[in-house]
Structures are given as structure tokens and as C-alpha cells.
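The next block is work38.cif, given as mmCIF, C-alpha atoms.
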data_input
loop_
_atom_site.label_atom_id
_atom_site.label_comp_id
_atom_site.auth_asym_id
_atom_site.auth_seq_id
_atom_site.Cartn_x
_atom_site.Cartn_y
_atom_site.Cartn_z
CA ALA A 22 0.00 0.00 0.00
CA ALA A 23 1.11 3.53 -0.74
CA GLY A 24 2.73 5.23 2.22
CA ALA A 25 3.18 1.97 4.17
CA SER A 26 6.17 1.83 6.50
CA ALA A 27 9.01 -0.67 6.07
CA GLY A 28 7.64 -2.64 9.03
CA ASP A 29 4.17 -2.78 7.48
CA LYS A 30 5.60 -3.95 4.14
CA ALA A 31 7.57 -6.69 5.89
CA ALA A 32 4.46 -7.81 7.76
CA ILE A 33 2.44 -7.91 4.51
CA ALA A 34 5.16 -9.93 2.75
CA ALA A 35 5.34 -12.35 5.67
CA LYS A 36 1.56 -12.78 5.66
CA MET A 37 1.59 -13.51 1.92
CA ARG A 38 4.25 -16.17 2.40
CA GLU A 39 2.30 -17.68 5.28
CA ASP A 40 -0.92 -17.85 3.23
CA ASP A 41 0.97 -19.32 0.28
CA TYR A 42 2.49 -22.01 2.47
CA TYR A 43 -0.75 -23.03 4.14
CA GLY A 44 -2.51 -22.94 0.80
CA LYS A 45 -0.34 -25.89 -0.16
CA LEU A 46 -1.66 -27.94 2.77
CA LYS A 47 -4.99 -28.66 1.02
CA THR A 48 -3.84 -32.14 0.04
CA VAL A 49 -2.67 -32.94 3.58
CA SER A 50 -5.20 -34.51 5.93
CA VAL A 51 -4.41 -32.34 8.93
CA ALA A 52 -6.22 -29.30 10.29
CA ARG A 53 -4.47 -26.00 9.66
CA GLU A 54 -4.86 -25.15 13.36
CA LEU A 55 -2.92 -28.29 14.31
CA ALA A 56 -0.26 -27.63 11.68
CA GLU A 57 0.23 -24.14 13.07
CA LEU A 58 0.87 -25.62 16.52
CA ILE A 59 3.35 -28.37 15.72
CA HIS A 60 5.12 -27.54 12.48
CA LEU A 61 8.40 -25.76 11.78
CA HIS A 62 8.73 -24.91 8.11
CA ASN A 63 12.25 -25.45 6.75
CA VAL A 64 13.49 -22.67 4.46
CA LYS A 65 16.80 -22.20 2.68
CA LEU A 66 19.07 -19.64 4.28
CA ASP A 67 19.88 -16.71 2.01
CA GLU A 68 23.59 -16.43 2.80
CA ASP A 69 24.00 -13.17 0.88
CA ALA A 70 21.24 -11.48 2.86
CA VAL A 71 21.69 -13.03 6.30
CA GLY A 72 20.80 -10.51 8.97
CA SER A 73 19.17 -8.09 6.52
CA GLN A 74 16.01 -10.02 5.63
CA LYS A 75 12.86 -8.19 6.72
CA SER A 76 10.02 -10.68 6.26
CA LEU A 77 11.28 -13.50 8.47
CA LEU A 78 8.67 -15.75 10.05
CA TYR A 79 9.20 -17.08 13.55
CA TRP A 80 7.92 -20.54 12.62
CA GLU A 81 10.46 -20.95 9.82
CA MET A 82 13.86 -22.54 10.42
CA SER A 83 16.98 -22.82 8.31
CA SER A 84 19.54 -25.63 8.57
CA VAL A 85 23.21 -25.28 7.65
CA SER A 86 26.22 -27.58 7.99
CA GLU A 87 29.04 -26.71 10.35
CA LEU A 88 31.27 -25.72 7.40
CA LYS A 89 28.74 -23.28 6.01
CA PHE A 90 28.10 -21.90 9.48
CA GLN A 91 31.82 -21.40 10.16
CA LYS A 92 32.09 -19.43 6.92
CA LEU A 93 29.14 -17.24 7.91
CA ALA A 94 30.61 -16.73 11.38
CA ARG A 95 33.84 -15.46 9.80
CA THR A 96 32.27 -13.21 7.18
CA ALA A 97 28.95 -12.08 8.68
CA ALA A 98 29.08 -12.52 12.46
CA THR A 99 26.75 -9.64 13.31
CA GLY A 100 24.37 -10.68 10.52
CA VAL A 101 24.12 -14.21 11.92
CA ALA A 102 23.46 -12.85 15.41
CA LYS A 103 20.72 -10.58 14.06
CA HIS A 104 19.21 -13.44 12.05
CA THR A 105 19.05 -15.75 15.09
CA GLY A 106 17.33 -12.96 17.00
CA GLN A 107 14.40 -13.25 14.61
CA GLN A 108 14.37 -16.82 13.30
CA LEU A 109 15.44 -20.32 14.29
CA LEU A 110 18.75 -21.63 12.97
CA ARG A 111 19.95 -25.24 13.11
CA VAL A 112 23.60 -26.28 12.69
CA TYR A 113 24.53 -29.90 12.04
CA PRO A 114 27.83 -31.87 11.64
CA LYS A 115 29.44 -31.96 8.21
CA GLY A 116 28.85 -35.10 6.16
CA THR A 117 32.50 -36.12 6.10
CA ARG A 118 32.46 -36.93 9.84
CA ILE A 119 32.11 -40.63 9.04
CA ASP A 120 33.73 -41.46 12.40
CA SER A 121 30.83 -39.68 14.16
CA SER A 122 33.20 -37.11 15.66
CA ASN A 123 31.91 -33.69 16.67
CA TYR A 124 32.66 -30.01 16.27
CA SER A 125 32.66 -27.61 19.21
CA PRO A 126 29.14 -26.22 19.73
CA MET A 127 30.44 -23.04 21.37
CA THR A 128 30.74 -20.93 18.19
CA ALA A 129 27.19 -21.75 17.12
CA TRP A 130 25.83 -20.98 20.59
CA ASN A 131 27.78 -17.71 20.73
CA HIS A 132 26.17 -16.63 17.46
CA GLY A 133 22.69 -17.43 18.76
CA ALA A 134 21.96 -20.70 16.93
CA GLN A 135 19.02 -22.30 18.71
CA VAL A 136 19.50 -25.92 17.58
CA VAL A 137 23.08 -27.25 17.54
CA ALA A 138 23.04 -30.90 16.48
CA LEU A 139 25.78 -33.29 17.62
CA ASN A 140 26.63 -36.96 17.14
CA TYR A 141 25.50 -38.42 20.46
CA GLN A 142 27.29 -41.73 19.94
CA THR A 143 30.72 -40.11 20.41
CA HIS A 144 31.54 -38.98 23.94
CA ALA A 145 34.20 -36.28 24.14
CA MET A 146 34.50 -32.59 25.01
CA PRO A 147 31.75 -31.33 22.61
CA LEU A 148 29.21 -33.68 24.20
CA TRP A 149 30.42 -32.84 27.72
CA LEU A 150 29.86 -29.15 26.92
CA ASN A 151 26.40 -29.88 25.56
CA ASP A 152 25.51 -31.81 28.71
CA ALA A 153 26.80 -28.94 30.86
CA ARG A 154 24.99 -26.23 28.89
CA PHE A 155 21.60 -27.79 29.50
CA ARG A 156 22.14 -28.82 33.11
CA ASP A 157 20.67 -25.45 33.97
CA ASN A 158 16.87 -25.01 33.87
CA GLY A 159 16.32 -28.56 35.11
CA GLY A 160 17.97 -30.15 32.10
CA CYS A 161 14.82 -29.61 30.05
CA GLY A 162 16.74 -28.79 26.86
CA TRP A 163 15.73 -25.12 26.60
CA LEU A 164 17.55 -22.05 27.89
CA LEU A 165 17.01 -18.33 27.51
CA LYS A 166 19.77 -16.51 25.67
CA PRO A 167 21.92 -14.29 27.90
CA ALA A 168 20.76 -10.68 27.92
CA PHE A 169 23.97 -9.40 26.27
CA MET A 170 23.26 -11.55 23.18
CA MET A 171 19.91 -9.81 22.69
CA ARG A 172 21.41 -6.33 22.34
CA PRO A 173 20.95 -4.79 18.84
CA ASN A 174 24.69 -4.09 18.58
CA TYR A 175 25.83 -7.54 19.78
CA ASN A 176 28.93 -8.68 17.90
CA PRO A 177 29.99 -12.32 18.46
CA ALA A 178 33.39 -11.59 16.91
CA LEU A 179 34.31 -8.97 19.51
CA HIS A 180 37.51 -10.04 21.28
CA ALA A 181 37.79 -7.36 23.96
CA GLY A 182 35.96 -6.33 27.09
CA MET A 183 36.29 -5.63 30.80
CA PRO A 184 35.81 -8.62 33.13
CA ALA A 185 32.41 -8.57 34.81
CA ARG A 186 33.34 -11.26 37.32
CA THR A 187 36.50 -13.01 38.47
CA LEU A 188 36.20 -16.65 39.45
CA GLN A 189 38.61 -17.65 42.20
CA VAL A 190 39.21 -21.40 42.35
CA HIS A 191 41.03 -23.12 45.19
CA ILE A 192 41.84 -26.74 44.27
CA LEU A 193 42.29 -28.47 47.61
CA SER A 194 42.31 -32.26 47.27
CA GLY A 195 40.98 -35.34 45.51
CA TRP A 196 39.18 -38.39 46.79
CA LYS A 197 39.16 -42.00 45.56
CA LEU A 198 40.38 -41.29 42.04
CA PRO A 199 40.30 -44.43 39.88
CA LYS A 200 43.41 -46.30 38.77
CA ILE A 201 44.53 -46.54 35.17
CA GLY A 202 44.59 -50.29 34.72
CA LYS A 203 46.42 -51.64 37.80
CA GLU A 204 48.73 -48.68 38.26
CA VAL A 205 48.38 -46.05 40.96
CA ILE A 206 48.06 -42.68 39.25
CA ASP A 207 50.06 -39.43 39.57
CA PRO A 208 47.04 -37.09 39.37
CA PHE A 209 46.86 -33.43 38.48
CA VAL A 210 43.93 -31.11 37.75
CA GLU A 211 43.40 -29.16 34.55
CA LEU A 212 40.94 -26.24 34.47
CA ARG A 213 39.39 -24.88 31.27
CA ILE A 214 36.85 -22.20 30.43
CA TYR A 215 34.67 -22.52 27.33
CA GLY A 216 32.43 -19.65 26.33
CA HIS A 217 32.55 -16.43 24.37
CA ASP A 218 35.75 -15.87 22.38
CA VAL A 219 36.70 -12.97 24.62
CA ASP A 220 36.96 -15.41 27.56
CA LYS A 221 39.30 -17.85 25.80
CA ARG A 222 42.49 -18.62 27.68
CA LYS A 223 45.09 -21.34 28.12
CA SER A 224 44.39 -24.35 30.32
CA ILE A 225 45.35 -24.01 33.99
CA LEU A 226 47.27 -26.91 35.53
CA THR A 227 48.03 -27.92 39.10
CA ARG A 228 51.20 -29.79 39.96
CA HIS A 229 50.95 -33.58 39.90
CA VAL A 230 51.00 -35.71 43.05
CA GLU A 231 53.16 -38.85 42.91
CA ASP A 232 51.53 -42.25 43.46
CA ASN A 233 48.38 -41.08 45.25
CA GLY A 234 44.96 -41.43 43.72
CA TYR A 235 43.23 -42.06 47.04
CA ASN A 236 43.55 -38.64 48.67
CA PRO A 237 45.95 -36.37 46.74
CA VAL A 238 46.41 -32.82 48.05
CA TRP A 239 47.15 -29.94 45.68
CA ASP A 240 46.16 -26.84 47.72
CA GLN A 241 46.59 -24.40 44.82
CA LYS A 242 44.65 -21.23 43.99
CA PHE A 243 43.80 -19.77 40.58
CA SER A 244 42.10 -16.60 39.35
CA ILE A 245 39.96 -16.62 36.20
CA PRO A 246 38.57 -13.26 34.91
CA LEU A 247 35.36 -13.55 32.86
CA VAL A 248 33.81 -10.94 30.57
CA HIS A 249 30.65 -12.99 29.95
CA PRO A 250 30.25 -15.39 32.89
CA GLU A 251 26.60 -16.00 31.98
CA SER A 252 27.64 -17.94 28.84
CA ALA A 253 30.80 -19.61 30.20
CA ILE A 254 31.25 -23.29 31.05
CA PHE A 255 33.74 -24.35 33.72
CA VAL A 256 35.49 -27.65 32.95
CA LEU A 257 37.54 -29.57 35.51
CA LEU A 258 39.65 -32.47 34.24
CA VAL A 259 41.71 -34.93 36.28
CA LYS A 260 44.58 -36.57 34.44
CA ASP A 261 47.38 -39.00 35.20
CA HIS A 262 50.81 -37.46 34.66
CA ASP A 263 53.05 -39.43 32.32
CA ARG A 264 56.62 -38.72 31.36
CA PHE A 265 57.31 -37.27 27.90
CA PRO A 266 56.66 -38.40 25.18
CA ASN A 267 53.72 -40.41 26.57
CA PRO A 268 50.47 -38.41 26.69
CA ASP A 269 48.77 -37.81 30.03
CA ASP A 270 45.91 -40.25 30.62
CA PHE A 271 42.34 -39.10 31.20
CA VAL A 272 40.93 -39.95 34.65
CA GLY A 273 37.69 -37.99 35.04
CA GLN A 274 35.83 -34.81 34.16
CA CYS A 275 33.14 -32.45 35.32
CA ALA A 276 31.65 -29.62 33.23
CA VAL A 277 29.38 -27.03 34.87
CA PRO A 278 27.87 -23.75 33.60
CA VAL A 279 29.50 -20.88 35.50
CA PRO A 280 26.03 -19.51 36.48
CA CYS A 281 25.42 -22.83 38.28
CA LEU A 282 28.57 -22.57 40.40
CA ARG A 283 28.00 -21.45 43.96
CA SER A 284 30.46 -19.84 46.33
CA GLY A 285 31.97 -21.92 49.10
CA TYR A 286 33.54 -25.34 49.56
CA ARG A 287 32.18 -27.83 47.01
CA SER A 288 32.82 -31.50 46.36
CA VAL A 289 32.97 -31.71 42.56
CA PRO A 290 31.81 -35.18 41.39
CA LEU A 291 33.75 -36.74 38.54
CA LYS A 292 32.35 -38.50 35.47
CA ASP A 293 34.05 -40.88 33.06
CA ALA A 294 34.49 -40.17 29.34
CA ASN A 295 30.98 -41.47 28.63
CA GLY A 296 29.41 -39.08 31.10
CA ARG A 297 28.71 -41.71 33.78
CA ARG A 298 29.35 -40.89 37.43
CA ILE A 299 32.55 -42.46 38.82
CA PRO A 300 31.58 -43.90 42.23
CA ASP A 301 32.94 -41.79 45.12
CA ALA A 302 35.51 -39.96 42.95
CA SER A 303 35.56 -36.19 43.53
CA VAL A 304 37.71 -33.08 43.84
CA LEU A 305 37.29 -30.71 46.78
CA CYS A 306 37.29 -27.08 45.65
CA ARG A 307 36.46 -23.68 47.02
CA PHE A 308 34.81 -21.20 44.66
CA THR A 309 34.50 -17.46 45.22
CA PHE A 310 33.41 -14.67 42.89
CA GLU A 311 34.60 -11.07 42.76
CA ASP A 312 33.01 -8.18 40.90
CA ALA A 313 34.85 -5.72 38.65
CA ARG A 314 36.03 -3.74 41.69
CA GLY A 315 37.38 -6.80 43.49
CA GLY A 316 34.52 -7.08 45.97
CA ALA A 317 33.16 -10.50 46.90
CA VAL A 318 29.78 -11.49 45.44
CA ALA A 319 27.60 -14.49 46.19
CA SER A 320 27.74 -16.08 42.72
CA SER A 321 28.54 -15.39 39.06
CA GLY A 322 25.78 -12.81 38.89
CA ALA A 323 24.46 -14.34 35.66
#
Encoding of this model in C-alpha cells:
Amino acid sequence: AAGASAGDKAAIAAKMREDDYYGKLKTVSVARELAELIHLHNVKLDEDAVGSQKSLLYWEMSSVSELKFQKLARTAATGVAKHTGQQLLRVYPKGTRIDSSNYSPMTAWNHGAQVVALNYQTHAMPLWLNDARFRDNGGCGWLLKPAFMMRPNYNPALHAGMPARTLQVHILSGWKLPKIGKEVIDPFVELRIYGHDVDKRKSILTRHVEDNGYNPVWDQKFSIPLVHPESAIFVLLVKDHDRFPNPDDFVGQCAVPVPCLRSGYRSVPLKDANGRRIPDASVLCRFTFEDARGGAVASSGA
């Protein structure tokens, strides 16, 4: 219509597409009202216009492979973030992963992708992160995006920022860590943070304790500044120290969203590589949070 605003034109175009789609349901023996409730319509993603499309429909969803998504994340990061603020986006593993390996879901999550598909038959870090991400909200499989990702000027590629919280971790001791085969282990703890690119940092390692998997004591403190604690995942790994060139053996792991960490002394339960609880095995830690001014706060504040 003459004089219509850009928003009105987008709404009219969206309505026309909706009517055209449901007009094609005449040969399907299902009520339109039911179809409207349960159906997500798959549409091809316009890569050249990602983030600038005006007539997006909330019940439409595009699917892209990890390779295509990685390219979009490099060339149109803000466009992808804007697109996922209006429409569902699904990312799935590339077809050449014939060994059922996985890609890291963090980049897709950081760009706002709502559905990040993984190969569930392969247990490794990507699946541990996925399990951790959805431990919040009762493990129901749905989470609200962090508030900072909903800002109009959100840029997933931004690699700078002032820490909003500092996580202080005191690794005290271990308890009943399993043997590797029949050998008593020389355990050490490795800490990692997965989250927004601005929070990337090298792994933090404790010293190893010789021949003591029953009750090793490390008593070491570490400080981890976080710009976006609300989207960060804290990963604690226990490994068996081996002399070079032999790689260190995996003993156990625990991955927890930083917003789920609570201040105080905590017994961190360990899981095996398949995500199953290792009976009795744990690491005693003390967690504290500090705000940007160095003052103590009760939790991550996420």
C-alpha cells in the first residue's frame, strides 16, 4: 500500500508467504490449526542477505552444515546474530564426519543458533559441553539466551571487554580417584573455560601428586577473569601425569555452567568419558566470585 512503512511492508510480505504455504496444505489430511501448533517450516538460508532479511517468520527454520556456518561466522558474524534474533537456525555436523566425531558447539551458541546438532554416539568434550549447557533449567533442553546476546549491537566476533566477574578457584584435594589399569596414578587437575571468544584462555594446571589417587592434596589457587560469565562453562579435568613423550591419561571430568557454580567449599563429582558418574571420585574445591572492583559477590551474577 502507498505510504506503508518498512515494518508494514515486511508484515504484509510475511503474511503472503504464510498464506501461500498453508494454501499448499490442502492435500494434507491435517487441520491448519494443528499444523500451526506443531510444524516448523524449513526454508533455505539466504547467505548473501543473512541478517538483513525483513520478512522473516518465527515458525520458519533454516539448517546449515558446520562448514557453512563457520564461513558465515567469519564473514557475517553480526548478521548471523541478528538473524538468530528473529528466526530459528539449526547447525549440524558436516557429512564427512564418518567417524561420528563432533565439532565444538560453542561458536554456534555464541552466534545465537538455537539448535546445535551433535553426534550423540561419540563422547568427548563437545558432548560434555552440551551436557553442561543444558544442566541449567532442570535439564529440560531449553535455555534463555543471555541478555547481552539480545542487544541490537551484539557482535559475536568482539575479542575485547572488561571482566564482569572473576572466578577464584582453590583446588584443595581429591578423593578415591580411579586407577589406570592396575597402576596407581600421579594425578593433576586441569581447568578450562569454554564460552565467548573474549573469555578464551590457556588451560590451567596444578602440579601432579606422585603415586596417590586415594587422597591427593594440591592446595593451589587460581584466578579466572570472565567478561561474559553468563555464557561460560567451567570444565575440571583430572589426568594421570606421564613422562614425555607419553600423553597424560584421562581420569575424570566435570563440566558445569558458570552460572550454576556457587560460592563456598564444594565437592565436585567426577564423570568418566561417557558421562557416567565415577563412584565416590571427587575433587574438593572452594569457589569465590569477585566483581569488577574486586569485591566478593555471592555467585557469578548471571
Which residues of stretch 61-163 of chain A come within 10 Å of stretch 283-303 of chain A, and what is each one's closest atom pair and distance in Å (one decimal), counting all atoms listed in the file, sorted by chain and residue number, as CSV?
residue,atom,partner,partner_atom,distance
A:Gln142,CA,A:Asn295,CA,9.4
A:Thr143,CA,A:Asn295,CA,8.3
A:His144,CA,A:Asn295,CA,5.3
A:Ala145,CA,A:Ala294,CA,6.5
A:Met146,CA,A:Ala294,CA,8.7
A:Leu148,CA,A:Gly296,CA,8.8
A:Trp149,CA,A:Gly296,CA,7.2
A:Asp152,CA,A:Gly296,CA,8.6
Among listed residues A:Trp130, A:Arg213, A:Trp239, A:Leu78, nearest A:Phe155 (using only C-alpha atoms): A:Trp130
What is the atom CA of A:Leu305 to atom CA of A:Arg264 distance in Å?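 That distance, rounded to one decimal, is 26.0 Å.
Taking all atoms listed in the file into account, A:His132 lies nearest to A:Thr105 out of the set A:Thr227, A:Gln241, A:Thr105, A:Asn63.
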Just how far from atom CA of A:Gln274 is atom CA of A:Phe310, in Å to one decimal?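 Distance between the two atoms: 22.1 Å.
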Axis-aligned box for stretch 311-314 of chain A, 5 Å per side, centre and edges in Å as JSON:
{"center_x": 34.5, "center_y": -7.4, "center_z": 40.7, "size_x": 13.0, "size_y": 17.3, "size_z": 14.1}
If the PyMOL selection byres ((chain A and resi 62) around 7) were run on this exact file, what residues would it hold? Put them as a PyMOL selection string. chain A and resi 60-61+63-64+80-82
What lies within 8 Å of A:Thr99 using all atoms listed in the file, ignoring chain neighbours under 6 positions off, as a PyMOL selection string? chain A and resi 72+174-178
Measuring atom to atom with only C-alpha atoms, identify which of A:Asp269, A:Asp232, A:Arg186, A:Asp218 is nearest to A:Ala319.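 Smallest distance to A:Ala319 is found for A:Arg186.
Applied to this file, the PyMOL selection byres ((chain A and resi 96) around 12) selects Glu68, Asp69, Ala70, Val71, Gly72, Lys89, Phe90, Gln91, Lys92, Leu93, Ala94, Arg95, Ala97, Ala98, Thr99, Gly100, Val101, Pro177 and Ala178 of chain A.
Going from atom CA of A:His191 to atom CA of A:Phe265 covers 27.6 Å.
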Name the residues in contact with A:Leu164 at a cut-off of 9 Å, using all atoms listed in the file, excluding same-chain residues fewer than 4 positions from it; report them as a list in words. Arg154, Phe155, Asp157 and Asn158 of chain A
Residues selected by the PyMOL selection byres ((chain A and resi 84) around 8), written as a list in words: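 Output of the PyMOL selection byres ((chain A and resi 84) around 8): Asn63, Val64, Lys65, Leu66, Met82, Ser83, Val85, Ser86, Leu110, Arg111, Val112 and Tyr113 of chain A.
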Nearby residues (all atoms listed in the file) at most 12 Å from A:His262, same-chain spacing under 3 positions excluded, as a list in words: Ile201, Glu204, Val205, Ile206, Asp207, Pro208, Phe209, Val210, Glu211, Leu226, Thr227, Arg228, His229, Val230, Glu231, Asp232, Asn233, Gly234, Val259, Phe265, Pro266, Asn267, Pro268, Asp269, Asp270, Phe271 and Val272 of chain A
Residues within 12 Å of A:Trp163, only C-alpha atoms, excluding chain neighbours under 2 positions, as a count of residues only: 14
Which of these residues is nearest to A:Pro280, using all atoms listed in the file: A:Lys200, A:Lys103, A:His249, A:His217?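 Among A:Lys200, A:Lys103, A:His249, A:His217, it is A:His249 that comes nearest to A:Pro280.
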Taking N, CA, C and O atoms as the atom set, what does stretch 85-98 of chain A look like once completed, written as an mmCIF file, in the frame of the given file?
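The file below, rebuild.cif, is the result:
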data_model
loop_
_atom_site.group_PDB
_atom_site.id
_atom_site.type_symbol
_atom_site.label_atom_id
_atom_site.label_comp_id
_atom_site.auth_asym_id
_atom_site.auth_seq_id
_atom_site.Cartn_x
_atom_site.Cartn_y
_atom_site.Cartn_z
ATOM 1 N N VAL A 85 21.941 -25.408 8.365
ATOM 2 C CA VAL A 85 23.210 -25.280 7.650
ATOM 3 C C VAL A 85 24.221 -26.231 8.271
ATOM 4 O O VAL A 85 24.165 -26.532 9.471
ATOM 5 N N SER A 86 25.171 -26.704 7.469
ATOM 6 C CA SER A 86 26.220 -27.580 7.990
ATOM 7 C C SER A 86 27.231 -26.745 8.776
ATOM 8 O O SER A 86 27.282 -25.515 8.659
ATOM 9 N N GLU A 87 28.046 -27.425 9.556
ATOM 10 C CA GLU A 87 29.040 -26.710 10.350
ATOM 11 C C GLU A 87 30.008 -25.910 9.486
ATOM 12 O O GLU A 87 30.422 -24.806 9.862
ATOM 13 N N LEU A 88 30.350 -26.434 8.291
ATOM 14 C CA LEU A 88 31.270 -25.720 7.400
ATOM 15 C C LEU A 88 30.658 -24.419 6.912
ATOM 16 O O LEU A 88 31.309 -23.366 6.902
ATOM 17 N N LYS A 89 29.406 -24.487 6.487
ATOM 18 C CA LYS A 89 28.740 -23.280 6.010
ATOM 19 C C LYS A 89 28.568 -22.280 7.157
ATOM 20 O O LYS A 89 28.738 -21.070 6.967
ATOM 21 N N PHE A 90 28.271 -22.801 8.337
ATOM 22 C CA PHE A 90 28.100 -21.900 9.480
ATOM 23 C C PHE A 90 29.425 -21.227 9.839
ATOM 24 O O PHE A 90 29.457 -20.026 10.141
ATOM 25 N N GLN A 91 30.509 -21.977 9.833
ATOM 26 C CA GLN A 91 31.820 -21.400 10.160
ATOM 27 C C GLN A 91 32.188 -20.293 9.186
ATOM 28 O O GLN A 91 32.755 -19.266 9.577
ATOM 29 N N LYS A 92 31.832 -20.476 7.911
ATOM 30 C CA LYS A 92 32.090 -19.430 6.920
ATOM 31 C C LYS A 92 31.271 -18.183 7.231
ATOM 32 O O LYS A 92 31.785 -17.054 7.188
ATOM 33 N N LEU A 93 29.990 -18.378 7.562
ATOM 34 C CA LEU A 93 29.140 -17.240 7.910
ATOM 35 C C LEU A 93 29.641 -16.536 9.166
ATOM 36 O O LEU A 93 29.600 -15.306 9.256
ATOM 37 N N ALA A 94 30.115 -17.324 10.145
ATOM 38 C CA ALA A 94 30.610 -16.730 11.380
ATOM 39 C C ALA A 94 31.841 -15.869 11.129
ATOM 40 O O ALA A 94 32.047 -14.863 11.817
ATOM 41 N N ARG A 95 32.644 -16.244 10.129
ATOM 42 C CA ARG A 95 33.840 -15.460 9.800
ATOM 43 C C ARG A 95 33.504 -14.207 9.019
ATOM 44 O O ARG A 95 34.121 -13.159 9.210
ATOM 45 N N THR A 96 32.529 -14.305 8.122
ATOM 46 C CA THR A 96 32.270 -13.210 7.180
ATOM 47 C C THR A 96 31.075 -12.332 7.551
ATOM 48 O O THR A 96 30.976 -11.210 7.061
ATOM 49 N N ALA A 97 30.167 -12.847 8.374
ATOM 50 C CA ALA A 97 28.950 -12.080 8.680
ATOM 51 C C ALA A 97 28.480 -12.359 10.106
ATOM 52 O O ALA A 97 27.327 -12.723 10.339
ATOM 53 N N ALA A 98 29.388 -12.174 11.069
ATOM 54 C CA ALA A 98 29.080 -12.520 12.460
ATOM 55 C C ALA A 98 27.881 -11.751 13.001
ATOM 56 O O ALA A 98 26.967 -12.326 13.591
#
